[in-house]
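Text of work18.txt, listed as compact mmCIF, C-alpha atoms:
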# COMPACT_ATOMS: atom_id res chain seq x y z
CA MET A 1 113.10 65.76 98.26
CA LYS A 2 114.69 63.25 100.60
CA ARG A 3 114.44 65.76 103.39
CA GLN A 4 110.76 66.27 102.71
CA ILE A 5 110.09 62.55 102.95
CA VAL A 6 111.93 62.26 106.23
CA LEU A 7 110.18 65.32 107.55
CA GLY A 8 106.84 63.91 106.48
CA MET A 9 107.61 60.70 108.29
CA ILE A 10 108.46 62.55 111.46
CA ILE A 11 105.24 64.54 111.32
CA SER A 12 103.15 61.43 110.72
CA ALA A 13 104.97 59.57 113.49
CA PHE A 14 104.12 62.40 115.86
CA SER A 15 100.47 62.73 115.02
CA ALA A 16 99.85 58.99 114.67
CA GLY A 17 99.53 58.59 118.40
CA VAL A 18 97.05 61.45 118.68
CA ALA A 19 94.76 61.02 115.70
CA MET A 20 95.04 59.98 112.07
CA ALA A 21 97.99 61.34 110.07
CA GLU A 22 97.52 64.74 108.48
CA VAL A 23 96.89 64.65 104.76
CA ALA A 24 99.92 66.30 103.17
CA PRO A 25 99.21 69.02 100.55
CA GLU A 26 100.44 66.81 97.70
CA SER A 27 98.20 63.92 98.82
CA VAL A 28 94.88 65.76 98.94
CA ALA A 29 92.37 63.92 96.74
CA TYR A 30 90.09 66.24 94.75
CA THR A 31 86.89 64.92 93.14
CA ASP A 32 85.28 67.59 90.94
CA GLY A 33 87.06 70.12 93.13
CA ALA A 34 85.70 68.68 96.40
CA VAL A 35 87.73 66.97 99.12
CA ALA A 36 85.75 64.27 100.93
CA GLN A 37 88.20 63.41 103.65
CA SER A 38 89.03 65.70 106.56
CA LEU A 39 92.65 66.83 106.32
CA THR A 40 93.27 66.09 110.00
CA GLY A 41 90.47 63.94 111.40
CA THR A 42 89.96 66.63 114.04
CA ALA A 43 86.76 68.66 113.79
CA GLY A 44 87.29 72.29 112.78
CA ASN A 45 86.99 75.09 115.30
CA PRO A 46 84.86 77.90 113.81
CA GLU A 47 86.37 80.57 116.06
CA GLU A 48 89.87 79.72 114.92
CA GLY A 49 88.52 79.62 111.37
CA ARG A 50 87.29 83.15 111.70
CA LYS A 51 90.71 84.26 112.91
CA ALA A 52 92.40 82.60 109.94
CA MET A 53 89.98 84.31 107.55
CA VAL A 54 90.68 87.84 108.75
CA ASP A 55 94.41 87.59 109.53
CA ARG A 56 96.46 89.20 106.76
CA GLY A 57 99.26 86.69 107.24
CA LEU A 58 96.88 83.74 107.02
CA GLY A 59 93.75 83.50 104.86
CA ASN A 60 93.17 87.23 104.48
CA CYS A 61 89.88 86.23 102.83
CA VAL A 62 88.43 89.67 103.59
CA ALA A 63 90.89 91.15 101.11
CA CYS A 64 88.59 89.77 98.42
CA HIS A 65 85.32 88.80 100.12
CA LYS A 66 82.58 90.59 102.02
CA ALA A 67 80.07 88.78 104.25
CA GLU A 68 77.47 89.64 106.89
CA MET A 69 79.33 87.35 109.27
CA LEU A 70 82.49 89.43 108.79
CA LYS A 71 80.90 92.86 108.76
CA ASP A 72 82.94 93.99 111.75
CA GLN A 73 86.00 93.85 109.52
CA PRO A 74 87.02 97.25 108.12
CA PHE A 75 87.38 97.65 104.36
CA PRO A 76 86.54 94.22 102.98
CA GLY A 77 87.32 93.81 99.29
CA ASP A 78 85.02 92.68 96.48
CA VAL A 79 87.28 90.87 94.03
CA GLY A 80 85.42 87.68 94.95
CA PRO A 81 81.67 87.19 95.51
CA THR A 82 80.06 87.74 98.92
CA LEU A 83 80.34 84.69 101.12
CA ASP A 84 76.81 85.08 102.51
CA GLY A 85 75.09 81.74 102.24
CA ALA A 86 78.27 79.85 101.36
CA GLY A 87 77.21 77.20 103.87
CA ASP A 88 73.92 76.76 101.98
CA ARG A 89 75.41 76.78 98.50
CA TRP A 90 78.22 74.33 99.13
CA THR A 91 78.73 71.09 101.01
CA GLU A 92 81.49 70.75 103.56
CA GLU A 93 83.45 68.65 101.06
CA GLN A 94 83.14 71.30 98.39
CA LEU A 95 84.19 74.07 100.78
CA ARG A 96 87.20 72.05 101.85
CA GLY A 97 88.19 71.78 98.21
CA ILE A 98 87.61 75.50 97.57
CA VAL A 99 89.69 76.56 100.56
CA ALA A 100 92.47 74.02 99.97
CA ASN A 101 92.81 74.79 96.26
CA ALA A 102 90.04 76.82 94.60
CA LYS A 103 91.59 76.26 91.19
CA MET A 104 90.23 72.71 91.31
CA THR A 105 86.70 74.14 91.48
CA PHE A 106 87.06 77.40 89.54
CA ASP A 107 89.45 76.95 86.66
CA GLY A 108 92.10 79.68 86.61
CA THR A 109 90.52 81.64 89.45
CA VAL A 110 92.41 84.50 91.09
CA MET A 111 91.58 82.99 94.47
CA PRO A 112 94.82 81.66 95.98
CA ALA A 113 95.30 78.00 96.92
CA PHE A 114 95.71 77.84 100.67
CA TYR A 115 96.82 74.24 101.08
CA LYS A 116 99.55 73.73 98.58
CA ASN A 117 103.34 73.68 98.93
CA SER A 118 104.81 73.30 95.46
CA GLY A 119 104.39 74.42 91.88
CA TYR A 120 104.92 78.10 92.70
CA ILE A 121 106.82 80.60 90.59
CA ARG A 122 109.25 82.63 92.71
CA PRO A 123 107.66 81.77 96.04
CA GLY A 124 108.43 84.34 98.71
CA ASP A 125 109.04 84.29 102.43
CA GLY A 126 105.79 85.84 103.64
CA TYR A 127 105.56 89.49 102.60
CA THR A 128 109.30 90.15 102.82
CA GLY A 129 109.97 89.98 99.07
CA LYS A 130 112.75 87.49 99.77
CA ALA A 131 112.86 83.91 98.51
CA ALA A 132 110.88 81.35 100.48
CA LYS A 133 112.78 78.92 102.63
CA GLU A 134 112.44 75.26 101.70
CA PRO A 135 110.42 73.30 102.44
CA ILE A 136 107.60 75.71 101.69
CA ALA A 137 104.77 75.65 104.19
CA PRO A 138 101.25 76.02 102.80
CA ILE A 139 99.58 79.35 103.65
CA LEU A 140 97.13 77.59 105.97
CA SER A 141 97.88 74.47 108.01
CA ALA A 142 95.68 71.41 107.55
CA GLN A 143 93.87 72.21 110.78
CA GLN A 144 93.38 75.85 109.80
CA VAL A 145 91.72 74.68 106.57
CA GLU A 146 89.36 72.53 108.65
CA ASP A 147 88.74 75.50 110.97
CA VAL A 148 87.90 77.81 108.06
CA VAL A 149 85.59 75.21 106.52
CA SER A 150 83.74 74.75 109.81
CA TYR A 151 83.26 78.52 110.07
CA LEU A 152 82.08 78.81 106.46
CA MET A 153 79.48 76.11 107.17
CA THR A 154 77.82 78.60 109.54
CA PHE A 155 77.39 81.17 106.71
CA LYS A 156 73.67 80.52 106.24
CA GLU A 157 71.06 82.81 104.76
CA MET B 1 108.79 124.66 102.95
CA THR B 2 107.70 123.89 106.52
CA LEU B 3 104.27 125.26 105.82
CA ARG B 4 103.90 123.03 102.84
CA THR B 5 104.99 119.95 104.75
CA ILE B 6 102.48 120.64 107.47
CA LYS B 7 99.71 121.11 104.96
CA THR B 8 100.59 117.77 103.44
CA ALA B 9 100.45 116.00 106.75
CA LEU B 10 97.04 117.47 107.40
CA ALA B 11 95.75 116.39 104.05
CA ALA B 12 97.03 112.88 104.64
CA THR B 13 95.02 112.67 107.83
CA ALA B 14 91.93 113.86 106.02
CA ILE B 15 92.39 111.10 103.47
CA LEU B 16 92.53 108.39 106.07
CA GLY B 17 89.44 109.85 107.63
CA CYS B 18 87.34 109.69 104.51
CA ALA B 19 88.62 106.44 103.08
CA PHE B 20 85.39 104.83 104.19
CA THR B 21 83.16 107.02 102.04
CA GLY B 22 85.28 106.05 99.07
CA MET B 23 84.37 102.41 99.63
CA THR B 24 80.89 102.80 98.27
CA MET B 25 81.92 103.80 94.77
CA ALA B 26 83.22 101.06 92.57
CA ASP B 27 83.91 102.87 89.33
CA PRO B 28 86.67 105.31 88.66
CA VAL B 29 85.47 108.91 88.57
CA ASP B 30 84.92 110.71 85.30
CA GLU B 31 86.74 113.96 85.84
CA PRO B 32 89.20 115.98 83.82
CA MET B 33 92.71 116.66 85.07
CA VAL B 34 93.64 120.26 84.58
CA ILE B 35 96.87 121.50 86.11
CA ASP B 36 97.90 125.12 85.67
CA GLY B 37 95.35 125.47 82.90
CA GLN B 38 96.84 122.53 81.04
CA ASN B 39 94.54 119.61 80.25
CA ILE B 40 96.21 116.26 80.96
CA THR B 41 94.87 113.25 79.06
CA ILE B 42 94.04 110.65 81.69
CA ARG B 43 91.48 108.65 79.70
CA ALA B 44 92.13 107.43 76.17
CA PRO B 45 91.18 104.65 73.76
CA ALA B 46 93.19 101.52 74.51
CA PRO B 47 96.24 100.92 72.32
CA GLU B 48 95.62 98.49 69.45
CA PHE B 49 97.14 95.46 71.17
CA LEU B 50 94.76 95.82 74.12
CA LYS B 51 91.58 96.01 72.03
CA GLY B 52 89.12 93.54 73.46
CA VAL B 53 91.05 93.44 76.72
CA LEU B 54 90.54 96.98 78.01
CA PRO B 55 87.95 99.28 76.43
CA GLU B 56 89.98 102.34 77.34
CA VAL B 57 93.03 103.19 79.34
CA LEU B 58 92.68 105.20 82.53
CA SER B 59 95.14 106.85 84.83
CA GLY B 60 95.32 105.57 88.40
CA TRP B 61 94.42 109.12 89.45
CA LEU B 62 90.78 108.43 88.51
CA TYR B 63 90.61 105.66 91.11
CA ARG B 64 91.88 107.69 94.03
CA ASP B 65 89.71 109.54 96.52
CA GLU B 66 88.79 113.16 96.10
CA ASP B 67 91.36 114.64 98.47
CA THR B 68 94.23 112.77 96.87
CA ARG B 69 93.04 113.77 93.40
CA LYS B 70 92.82 117.42 94.41
CA MET B 71 96.37 117.50 95.71
CA GLU B 72 97.68 116.70 92.27
CA LEU B 73 95.72 119.49 90.61
CA ASP B 74 97.67 122.28 92.26
CA ASP B 75 101.46 122.35 92.30
CA PHE B 76 101.33 124.12 95.65
CA ASP B 77 99.49 121.17 97.16
CA ASN B 78 101.44 118.51 95.31
CA PRO B 79 104.24 117.49 97.69
CA GLY B 80 106.15 115.92 94.78
CA ILE B 81 106.99 119.32 93.34
CA ILE B 82 109.36 120.11 96.21
CA TYR B 83 111.50 117.17 95.18
CA ALA B 84 111.67 118.36 91.61
CA ASP B 85 112.72 121.79 92.89
CA ARG B 86 115.51 120.14 94.80
CA ALA B 87 116.76 118.47 91.61
CA ARG B 88 116.80 121.87 89.91
CA ASP B 89 119.43 122.93 92.44
CA GLN B 90 121.27 119.63 91.98
CA TRP B 91 121.43 120.30 88.24
CA GLU B 92 124.19 122.81 88.90
CA VAL B 93 126.15 120.83 91.49
CA VAL B 94 129.59 119.76 90.31
CA ASP B 95 130.38 116.17 91.17
CA GLY B 96 132.92 113.53 90.13
CA THR B 97 136.44 113.45 88.76
CA GLU B 98 135.59 115.41 85.61
CA GLY B 99 134.53 118.46 87.57
CA LYS B 100 131.19 118.64 85.81
CA ALA B 101 127.56 119.23 86.65
CA CYS B 102 124.51 118.34 84.57
CA VAL B 103 124.40 121.96 83.51
CA SER B 104 127.87 121.66 81.97
CA CYS B 105 126.34 119.67 79.11
CA HIS B 106 122.58 120.08 79.44
CA GLU B 107 121.75 123.74 79.51
CA SER B 108 118.66 123.32 81.64
CA PRO B 109 116.21 120.64 82.79
CA GLU B 110 113.86 121.95 80.10
CA ALA B 111 116.19 120.34 77.57
CA MET B 112 114.75 117.01 78.76
CA LYS B 113 111.28 117.87 77.46
CA GLY B 114 109.71 114.90 75.70
CA LEU B 115 112.03 112.23 77.07
CA ARG B 116 109.60 110.92 79.70
CA ALA B 117 106.94 110.25 77.05
CA VAL B 118 109.14 107.91 75.00
CA THR B 119 111.06 106.01 77.69
CA PRO B 120 111.89 103.27 78.44
CA ARG B 121 113.41 102.85 75.00
CA VAL B 122 116.22 100.99 73.33
CA ASP B 123 119.16 103.32 72.94
CA PRO B 124 120.05 103.35 69.25
CA ASP B 125 123.78 103.61 69.96
CA SER B 126 124.24 100.96 72.62
CA GLY B 127 121.25 98.71 71.93
CA LYS B 128 120.55 98.81 75.66
CA LEU B 129 117.09 99.23 77.14
CA MET B 130 117.22 102.58 78.91
CA ASN B 131 114.88 104.26 81.33
CA ILE B 132 115.50 107.71 82.73
CA GLU B 133 117.38 106.34 85.72
CA ALA B 134 119.75 104.47 83.41
CA TYR B 135 120.41 107.62 81.36
CA VAL B 136 121.14 109.68 84.43
CA ASN B 137 123.52 107.13 85.86
CA LYS B 138 125.22 106.69 82.52
CA CYS B 139 126.00 110.41 82.50
CA ARG B 140 127.17 110.31 86.08
CA THR B 141 129.46 107.33 85.77
CA GLU B 142 130.73 107.68 82.19
CA ARG B 143 130.65 111.42 81.62
CA MET B 144 131.11 112.96 85.06
CA GLY B 145 133.30 110.37 86.75
CA ALA B 146 130.82 110.37 89.60
CA GLU B 147 129.20 107.50 91.47
CA ALA B 148 125.90 106.12 90.26
CA TRP B 149 122.91 107.25 92.28
CA GLY B 150 121.04 104.48 94.09
CA ASP B 151 117.77 103.25 92.59
CA LYS B 152 115.76 104.64 95.46
CA SER B 153 118.09 107.45 96.52
CA ASP B 154 116.74 110.92 97.13
CA HIS B 155 118.96 112.29 94.37
CA MET B 156 117.58 109.86 91.81
CA MET B 157 113.95 110.31 92.85
CA ASP B 158 114.34 114.11 92.75
CA MET B 159 115.87 113.95 89.30
CA LEU B 160 113.17 111.60 88.01
CA ALA B 161 110.54 114.02 89.24
CA LEU B 162 112.23 117.00 87.58
CA ILE B 163 112.85 115.27 84.23
CA SER B 164 109.36 113.78 84.15
CA LEU B 165 107.75 117.15 84.87
CA GLN B 166 109.31 118.58 81.70
CA SER B 167 107.00 116.28 79.71
CA ARG B 168 103.84 116.93 81.67
CA GLY B 169 100.84 116.65 79.36
CA GLU B 170 102.75 114.97 76.55
CA ILE B 171 101.13 111.82 75.22
CA ILE B 172 103.01 108.65 76.01
CA ASN B 173 104.29 106.94 72.91
CA VAL B 174 106.69 104.22 73.95
CA ALA B 175 107.89 102.02 71.10
CA MET B 176 107.11 98.32 71.24
CA ASP B 177 108.36 97.30 67.82
CA GLY B 178 111.78 97.10 66.21
CA ALA B 179 114.62 96.87 68.68
CA ALA B 180 112.11 97.10 71.54
CA ALA B 181 110.18 93.99 70.47
CA PRO B 182 112.14 91.32 72.36
CA PHE B 183 112.06 93.39 75.56
CA TRP B 184 108.37 94.00 75.09
CA GLU B 185 107.65 90.29 74.66
CA LYS B 186 109.61 89.51 77.79
CA GLY B 187 107.77 92.20 79.74
CA LYS B 188 104.45 90.88 78.53
CA GLU B 189 105.29 87.39 79.68
CA ILE B 190 106.14 88.70 83.14
CA TYR B 191 102.91 90.73 83.23
CA TYR B 192 100.85 87.59 82.81
CA THR B 193 102.90 85.29 85.07
CA ARG B 194 101.26 84.34 88.35
CA TYR B 195 103.98 84.81 90.94
CA GLY B 196 104.30 83.93 94.59
CA LEU B 197 102.35 81.86 97.05
CA LEU B 198 99.25 83.82 96.12
CA GLU B 199 99.82 83.02 92.44
CA LEU B 200 98.74 86.43 91.17
CA SER B 201 99.89 88.18 88.01
CA CYS B 202 99.81 91.88 87.30
CA ALA B 203 96.91 91.10 84.96
CA ASN B 204 94.92 89.29 87.66
CA CYS B 205 94.69 92.50 89.62
CA HIS B 206 95.07 95.35 87.14
CA GLU B 207 93.47 93.93 83.99
CA GLN B 208 90.84 91.52 85.31
CA ASN B 209 89.83 93.32 88.49
CA ASN B 210 90.41 97.03 88.05
CA GLY B 211 87.51 98.96 89.51
CA LYS B 212 87.14 96.44 92.32
CA TYR B 213 88.48 96.70 95.84
CA ILE B 214 91.19 94.51 97.28
CA ARG B 215 90.81 95.20 100.96
CA SER B 216 90.64 99.01 101.10
CA ASP B 217 92.51 99.55 97.85
CA HIS B 218 90.58 100.55 94.76
CA LEU B 219 92.33 98.63 92.01
CA SER B 220 93.39 100.75 89.05
CA GLN B 221 94.79 99.58 85.74
CA GLY B 222 98.28 99.85 87.20
CA GLN B 223 99.36 102.43 84.62
CA THR B 224 102.74 104.12 84.91
CA ASN B 225 101.90 107.45 83.25
CA GLY B 226 101.78 109.10 86.68
CA PHE B 227 105.28 108.06 87.68
CA PRO B 228 107.21 109.01 89.58
CA VAL B 229 104.55 109.32 92.25
CA TYR B 230 104.54 110.98 95.62
CA ARG B 231 103.01 108.41 97.94
CA LEU B 232 101.25 109.87 100.95
CA LYS B 233 101.67 106.58 102.76
CA ASP B 234 105.47 106.66 102.39
CA THR B 235 105.77 110.46 102.34
CA LYS B 236 108.25 110.15 99.51
CA ILE B 237 108.72 109.69 95.80
CA THR B 238 108.59 106.23 94.25
CA SER B 239 109.64 105.15 90.77
CA ALA B 240 107.63 102.77 88.61
CA GLN B 241 109.97 99.91 89.38
CA GLY B 242 109.84 100.78 93.06
CA ARG B 243 106.10 100.28 92.80
CA PHE B 244 106.51 96.97 90.99
CA VAL B 245 108.62 95.71 93.91
CA GLY B 246 105.72 96.33 96.27
CA CYS B 247 103.16 94.73 93.99
CA VAL B 248 105.18 91.56 93.48
CA ARG B 249 106.04 91.35 97.19
CA ASP B 250 102.33 91.53 98.01
CA THR B 251 101.76 88.29 96.11
CA ARG B 252 104.08 86.67 98.65
CA ALA B 253 106.70 86.28 95.98
CA GLU B 254 110.42 86.81 95.74
CA THR B 255 110.55 90.16 93.97
CA PHE B 256 112.88 91.19 91.18
CA LYS B 257 115.39 93.93 91.84
CA ILE B 258 114.99 97.48 90.64
CA GLY B 259 117.08 97.78 87.49
CA SER B 260 116.97 94.03 86.79
CA ASP B 261 116.47 92.86 83.20
CA GLU B 262 113.05 91.57 84.24
CA PHE B 263 111.80 94.85 85.69
CA ASN B 264 113.35 96.87 82.86
CA ALA B 265 111.39 94.77 80.38
CA LEU B 266 108.25 94.96 82.49
CA GLU B 267 108.53 98.73 82.77
CA LEU B 268 108.68 99.00 78.99
CA TYR B 269 105.70 96.71 78.54
CA VAL B 270 103.55 98.42 81.16
CA ALA B 271 104.44 101.82 79.68
CA THR B 272 103.10 100.72 76.28
CA ARG B 273 99.82 99.69 77.92
CA GLY B 274 99.49 103.39 78.70
CA ASN B 275 100.31 104.68 75.23
CA GLY B 276 97.72 107.39 74.64
CA LEU B 277 97.66 108.66 78.20
CA ALA B 278 99.63 111.74 79.14
CA VAL B 279 102.62 112.09 81.42
CA GLU B 280 101.35 113.51 84.71
CA GLY B 281 104.71 114.79 85.87
CA VAL B 282 104.84 113.87 89.52
CA SER B 283 101.56 112.34 90.58
CA VAL B 284 100.05 111.98 94.04
CA ARG B 285 98.75 108.65 95.27
CA HIS B 286 98.06 107.34 98.72

Turn the structure described in the file into C-alpha cells.
Amino acid sequence: MKRQIVLGMIISAFSAGVAMAEVAPESVAYTDGAVAQSLTGTAGNPEEGRKAMVDRGLGNCVACHKAEMLKDQPFPGDVGPTLDGAGDRWTEEQLRGIVANAKMTFDGTVMPAFYKNSGYIRPGDGYTGKAAKEPIAPILSAQQVEDVVSYLMTFKE
Amino acid sequence: MTLRTIKTALAATAILGCAFTGMTMADPVDEPMVIDGQNITIRAPAPEFLKGVLPEVLSGWLYRDEDTRKMELDDFDNPGIIYADRARDQWEVVDGTEGKACVSCHESPEAMKGLRAVTPRVDPDSGKLMNIEAYVNKCRTERMGAEAWGDKSDHMMDMLALISLQSRGEIINVAMDGAAAPFWEKGKEIYYTRYGLLELSCANCHEQNNGKYIRSDHLSQGQTNGFPVYRLKDTKITSAQGRFVGCVRDTRAETFKIGSDEFNALELYVATRGNGLAVEGVSVRH
C-alpha cells in the first residue's frame, strides 16, 4: 500500500511538468457508467487505439467484437455485439466508461475492465498462468484507454 | 505408425485451411456420433440441477469443424488411439520394488470397463476424491513400489486414454450427493468464480456464451465427456485438468495446479454437468 502511494507520487511528479496528472485506476469517477474527465488530458490517437484493440496482449477487443472498421482482422469473435456505429450510439464520456470498466455500464457483463488494478481473484502475470507481480498494472494504460476511445468515436454508420 | 502420423499432419493442415468456412455457422451441428457401429450419446437432456440453465447437454465434438469431427469417427484416423495402444504394452511392464506390472493384479485393461463413467468419485475406503490418475498413481506408489507418473507424462496420458476407451459409449453417471457433496459444492463455486484480470468464470464462456465465437474458437459447453482428448494443436493427449489449466490461464489468472484440491473438485463438478452424455474414449479436438 505504502509502496503504491509512493509510486503514485513519483508518477504524478513526472507527468506534472508535461500535462495534468494521470487519473489512477482507483480514482476514476463514474457517473451512470460514464467518465467525463479524460484520464490523461492528452487527446487520444486513433491509430494507437486501433493497435490496442487488436493486440492480444492489450485490448484484444476482436476476441469478442466484430466491426466493419476491423474487418481486416481474421476470425473476430461474436460474444459481444458488433461495434459498428458505437461512435453514434455512445458519447465519448460513455465510451471512456465502457472501455475503462464496462461493469459500471453493463451490470455483470463478461466484458473485461481494462482500466482497473485491484479487486481481482487470482490475478495472473499476462498469459503465463503464474501469479501477477504487485503492483498490478491495468490491462490498458490511461493513454491507451484514451486512444481506444478516440478510435471508437470514428465508428460511425 | 509413420503412415498414420503423416496422415494426421495432413489432416491438421486441412483443418487450418477450412477454419474460415466454419466461422459462418454459429450453432453446433446436429449429427450422430457412430464409432465402429456403436452409437455414442453426445446430446442429452440436461441433468436436473441444470434445468433452466442449459436446455440440453452437448459434447464439444458437435462444435468442432467437419474434418476434426470425422477424425474421431474412425479409430484409424483418431491419433489418440495410438497412445492407448502404447498403454496396452505398458500394462505388462514390470516396474518398482515389488516386481509387479498392472497385469499382475488387473488381468487386462478391459477390467477397467465402466470406471471412466463414474469418476471422479469419492473412494469409499479412503474418503478421498479420486480420478483415474489418482487411482493409477495409488497403485504405482502403494502397490508396486514404483514412482508416481507425472500429471502430464506420456505414461499417464497413455494410460488415461486406454482406461477411458474401455468405457466408450457408457453414459456418464458421476455422483454429486453423499460423500461427493462437499467436493461438488466446492467445484461449483469455482465454476462460477470470475478469475484473473479478465474476470471470467467457466460459466461466462461455457454456460452463457456456448455457440458463440471467441476469436476463432467456437465455444462449447466445456464438457469433459470427451476426455482425455487428442489435441491437434498440441499433437498430444491432454487430460481434463490439463485443459482447465489452459482455460484459467487464458483469463490472465494464476492457474491452479493439476491434482490440486481445487481442480479435483472442479473436475468432479464439471463431470456431473455432463451426466447423461457418453464417454467418447479418446476424443479429437483442435

Would you kindly return, as a PDB file with C-alpha atoms, in the frame of the given file, each protein, DNA or RNA residue with an atom no farther than 9 Å from any atom of Met104 of chain A, considering only C-alpha atoms and excluding same-chain residues fewer than 6 positions away?
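Saved file part-v5.pdb follows:
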ATOM      1  CA  TYR A  30      90.090  66.240  94.750  1.00  0.00           C
ATOM      2  CA  THR A  31      86.890  64.920  93.140  1.00  0.00           C
ATOM      3  CA  ASP A  32      85.280  67.590  90.940  1.00  0.00           C
ATOM      4  CA  GLY A  33      87.060  70.120  93.130  1.00  0.00           C
ATOM      5  CA  ALA A  34      85.700  68.680  96.400  1.00  0.00           C
ATOM      6  CA  GLY A  97      88.190  71.780  98.210  1.00  0.00           C
ATOM      7  CA  ILE A  98      87.610  75.500  97.570  1.00  0.00           C
TER       8      ILE A  98
END

Counting all atoms listed in the file, which of A:Arg89, A:Lys156, A:Arg96, A:His65 gets nearest to chain B?
A:His65

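Minimum atom-to-atom distances from B:Val284, B:Phe244, B:Glu199, B:Lys236 to chain A were compared using only C-alpha atoms, and the lowest value belongs to B:Glu199.
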
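You can rank A:Gly41, A:Pro74, A:Pro112, A:Gly59 by their closest distance to chain B using only C-alpha atoms, and at the top of that list sits A:Pro112.
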
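You can rank B:Met157, B:Cys139, B:Ile172, B:Ala101 by their closest distance to Thr272 of chain B using all atoms listed in the file, and at the top of that list sits B:Ile172.
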
With only C-alpha atoms considered, list every residue of chain B at most 9 Å from chain A, as a ChimeraX atom specification.
/B:19-20,23,193-201,204-205,209,212-218,245-246,248-256

Atoms kept (C-alpha atoms) for selection, written as a PDB file, in the frame of the given file:
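Output below, filename again_19.pdb:
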ATOM      1  CA  ALA B  19      88.620 106.440 103.080  1.00  0.00           C
ATOM      2  CA  PHE B  20      85.390 104.830 104.190  1.00  0.00           C
ATOM      3  CA  MET B  23      84.370 102.410  99.630  1.00  0.00           C
ATOM      4  CA  THR B 193     102.900  85.290  85.070  1.00  0.00           C
ATOM      5  CA  ARG B 194     101.260  84.340  88.350  1.00  0.00           C
ATOM      6  CA  TYR B 195     103.980  84.810  90.940  1.00  0.00           C
ATOM      7  CA  GLY B 196     104.300  83.930  94.590  1.00  0.00           C
ATOM      8  CA  LEU B 197     102.350  81.860  97.050  1.00  0.00           C
ATOM      9  CA  LEU B 198      99.250  83.820  96.120  1.00  0.00           C
ATOM     10  CA  GLU B 199      99.820  83.020  92.440  1.00  0.00           C
ATOM     11  CA  LEU B 200      98.740  86.430  91.170  1.00  0.00           C
ATOM     12  CA  SER B 201      99.890  88.180  88.010  1.00  0.00           C
ATOM     13  CA  ASN B 204      94.920  89.290  87.660  1.00  0.00           C
ATOM     14  CA  CYS B 205      94.690  92.500  89.620  1.00  0.00           C
ATOM     15  CA  ASN B 209      89.830  93.320  88.490  1.00  0.00           C
ATOM     16  CA  LYS B 212      87.140  96.440  92.320  1.00  0.00           C
ATOM     17  CA  TYR B 213      88.480  96.700  95.840  1.00  0.00           C
ATOM     18  CA  ILE B 214      91.190  94.510  97.280  1.00  0.00           C
ATOM     19  CA  ARG B 215      90.810  95.200 100.960  1.00  0.00           C
ATOM     20  CA  SER B 216      90.640  99.010 101.100  1.00  0.00           C
ATOM     21  CA  ASP B 217      92.510  99.550  97.850  1.00  0.00           C
ATOM     22  CA  HIS B 218      90.580 100.550  94.760  1.00  0.00           C
ATOM     23  CA  VAL B 245     108.620  95.710  93.910  1.00  0.00           C
ATOM     24  CA  GLY B 246     105.720  96.330  96.270  1.00  0.00           C
ATOM     25  CA  VAL B 248     105.180  91.560  93.480  1.00  0.00           C
ATOM     26  CA  ARG B 249     106.040  91.350  97.190  1.00  0.00           C
ATOM     27  CA  ASP B 250     102.330  91.530  98.010  1.00  0.00           C
ATOM     28  CA  THR B 251     101.760  88.290  96.110  1.00  0.00           C
ATOM     29  CA  ARG B 252     104.080  86.670  98.650  1.00  0.00           C
ATOM     30  CA  ALA B 253     106.700  86.280  95.980  1.00  0.00           C
ATOM     31  CA  GLU B 254     110.420  86.810  95.740  1.00  0.00           C
ATOM     32  CA  THR B 255     110.550  90.160  93.970  1.00  0.00           C
ATOM     33  CA  PHE B 256     112.880  91.190  91.180  1.00  0.00           C
TER      34      PHE B 256
END

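Nearest residue to Ala86 of chain A, choosing from A:Gln144, A:Thr40, A:Ala100, A:Met69 and counting all atoms listed in the file: A:Met69.
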
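Taking atom CA of Ile190 of chain B and atom CA of Gly226 of chain B as endpoints, the distance between them is 21.2 Å.
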
Using the file's own x, y and z axes, so that the box edges lie along x, y and z, what centre and edge lengths in Å (one decimal) does a box around every listed atom of segment 129-147 of chain A get when 6 Å is added on each side? Give it as lines of an AutoDock Vina configuration file.
center_x = 100.8
center_y = 80.7
center_z = 104.7
size_x = 36.1
size_y = 30.6
size_z = 24.5

Have a look at atom CA of Phe155 of chain A and atom CA of Asp88 of chain A and let me know their distance in Å, one decimal.
7.3 Å

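Straight-line separation from atom CA of Asp55 of chain A to atom CA of Gly242 of chain B: 26.1 Å.
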
Taking into account all atoms listed in the file, which residue in the set B:Val282, B:Met33, B:Leu115, B:Ile163 is nearest to Arg231 of chain B?
B:Val282

Extract, using only C-alpha atoms, all DNA, RNA and protein residues at most 8 Å from Gly274 of chain B, discarding same-chain residues fewer than 6 positions from it, and format them as a PyMOL selection string.
chain B and resi 46-47+57+172+223-225

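For Val229 of chain B, the non-local neighbours within 9 Å, defined as residues at least 4 positions apart in the same chain or in other chains and counting all atoms listed in the file, are B:Gly80, B:Ala161, B:Lys236, B:Ile237, B:Thr238, B:Ser239, B:Ala240, B:Gly281, B:Val282, B:Ser283, B:Val284, B:Arg285.
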
Incomplete segment 107-111 of chain A filled out to N, CA, C and O atoms as a PDB file, in the coordinates of the input:
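Just written: part_10.pdb:
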ATOM      1  N   ASP A 107      88.270  77.006  87.518  1.00  0.00           N
ATOM      2  CA  ASP A 107      89.450  76.950  86.660  1.00  0.00           C
ATOM      3  C   ASP A 107      90.092  78.339  86.504  1.00  0.00           C
ATOM      4  O   ASP A 107      89.417  79.292  86.118  1.00  0.00           O
ATOM      5  N   GLY A 108      91.374  78.434  86.831  1.00  0.00           N
ATOM      6  CA  GLY A 108      92.100  79.680  86.610  1.00  0.00           C
ATOM      7  C   GLY A 108      91.727  80.827  87.519  1.00  0.00           C
ATOM      8  O   GLY A 108      92.106  81.976  87.274  1.00  0.00           O
ATOM      9  N   THR A 109      90.985  80.550  88.585  1.00  0.00           N
ATOM     10  CA  THR A 109      90.520  81.640  89.450  1.00  0.00           C
ATOM     11  C   THR A 109      91.672  82.442  90.072  1.00  0.00           C
ATOM     12  O   THR A 109      92.771  81.912  90.266  1.00  0.00           O
ATOM     13  N   VAL A 110      91.401  83.691  90.401  1.00  0.00           N
ATOM     14  CA  VAL A 110      92.410  84.500  91.090  1.00  0.00           C
ATOM     15  C   VAL A 110      92.503  84.120  92.562  1.00  0.00           C
ATOM     16  O   VAL A 110      93.441  84.488  93.252  1.00  0.00           O
ATOM     17  N   MET A 111      91.526  83.372  93.050  1.00  0.00           N
ATOM     18  CA  MET A 111      91.580  82.990  94.470  1.00  0.00           C
ATOM     19  C   MET A 111      92.786  82.089  94.725  1.00  0.00           C
ATOM     20  O   MET A 111      92.972  81.087  94.052  1.00  0.00           O
TER      21      MET A 111
END
